[in-house]
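*Asks:* Can you read through this structure? Questions will come right after.
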Amino acid sequence: MEPESAAAAGRDFPHAARTTCYIEVYEDGRLTHGDDQAAYERAVAGKSRLFAVWPGEWPSHLFVIDDLNEFAKAHGIKHDQNRTGLEEHVHDVE
């Protein structure tokens, strides 16, 4: 059985939900968990793959994180004005 696509779930996928558990699978088969910037950078570099378990009403489903851009925006690694409502801007400090 193949994991489902997080990208196919679209914006409904709960990337930032506290109930979403992330699994990182390294090239050598090691497994860890986490959703930090280092995991994102390893996945972008092709050194690991990210998966997530999204608990359903009864069963839980395994998803491959196949849209790393959405993952990064949801975790604040990349700014997303639509999610935050905040426009990027420069602060002048004297």
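Note on naming: chains are A, B, ... as they come in the structure tokens, residues start from 1 per chain, ligands start from 1 in the order shown.
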Could you pull out the residues in chain A that DSSP calls alpha helix (DSSP H) from the backbone, as a ChimeraX atom specification?

*Replies:* /A:6-9,37-44,68-74,81-84

*Asks:* Output C-alpha atoms for every residue in the selection just made, as a PDB file, in the first residue's frame.

*Replies:*
```
ATOM      1  CA  ALA A   6      -0.378  15.409   1.035  1.00  0.00           C
ATOM      2  CA  ALA A   7      -0.254  17.639  -2.046  1.00  0.00           C
ATOM      3  CA  ALA A   8      -3.391  15.970  -3.400  1.00  0.00           C
ATOM      4  CA  ALA A   9      -5.193  16.859  -0.160  1.00  0.00           C
ATOM      5  CA  GLN A  37      13.898  23.407   9.289  1.00  0.00           C
ATOM      6  CA  ALA A  38      16.741  20.859   9.291  1.00  0.00           C
ATOM      7  CA  ALA A  39      14.314  18.093   8.238  1.00  0.00           C
ATOM      8  CA  TYR A  40      12.964  20.359   5.501  1.00  0.00           C
ATOM      9  CA  GLU A  41      16.473  21.124   4.226  1.00  0.00           C
ATOM     10  CA  ARG A  42      17.435  17.434   4.176  1.00  0.00           C
ATOM     11  CA  ALA A  43      14.253  16.601   2.253  1.00  0.00           C
ATOM     12  CA  VAL A  44      14.866  19.408  -0.277  1.00  0.00           C
ATOM     13  CA  LEU A  68       7.774  20.717   0.564  1.00  0.00           C
ATOM     14  CA  ASN A  69       6.884  24.342  -0.173  1.00  0.00           C
ATOM     15  CA  GLU A  70       3.518  23.969   1.616  1.00  0.00           C
ATOM     16  CA  PHE A  71       5.247  22.156   4.492  1.00  0.00           C
ATOM     17  CA  ALA A  72       7.765  25.014   4.816  1.00  0.00           C
ATOM     18  CA  LYS A  73       5.102  27.714   4.755  1.00  0.00           C
ATOM     19  CA  ALA A  74       2.963  25.922   7.350  1.00  0.00           C
ATOM     20  CA  GLN A  81       1.128  35.972   3.587  1.00  0.00           C
ATOM     21  CA  ASN A  82      -2.097  34.021   2.960  1.00  0.00           C
ATOM     22  CA  ARG A  83      -1.620  31.926   6.124  1.00  0.00           C
ATOM     23  CA  THR A  84      -0.351  34.686   8.397  1.00  0.00           C
TER      24      THR A  84
END
```

*Asks:* Residues at most 10 Å from His15 of chain A, counting only C-alpha atoms, excluding those fewer than 2 positions away in the same chain, as a list of chain:residue names?

*Replies:* A:Ala6, A:Arg11, A:Asp12, A:Phe13, A:Ala17, A:Arg18, A:Thr19, A:Thr20, A:Cys21, A:Tyr22, A:Asp35, A:Ala52, A:Trp54, A:Ile65, A:Glu70, A:Phe71, A:Ala72, A:Lys73, A:Ala74, A:His75
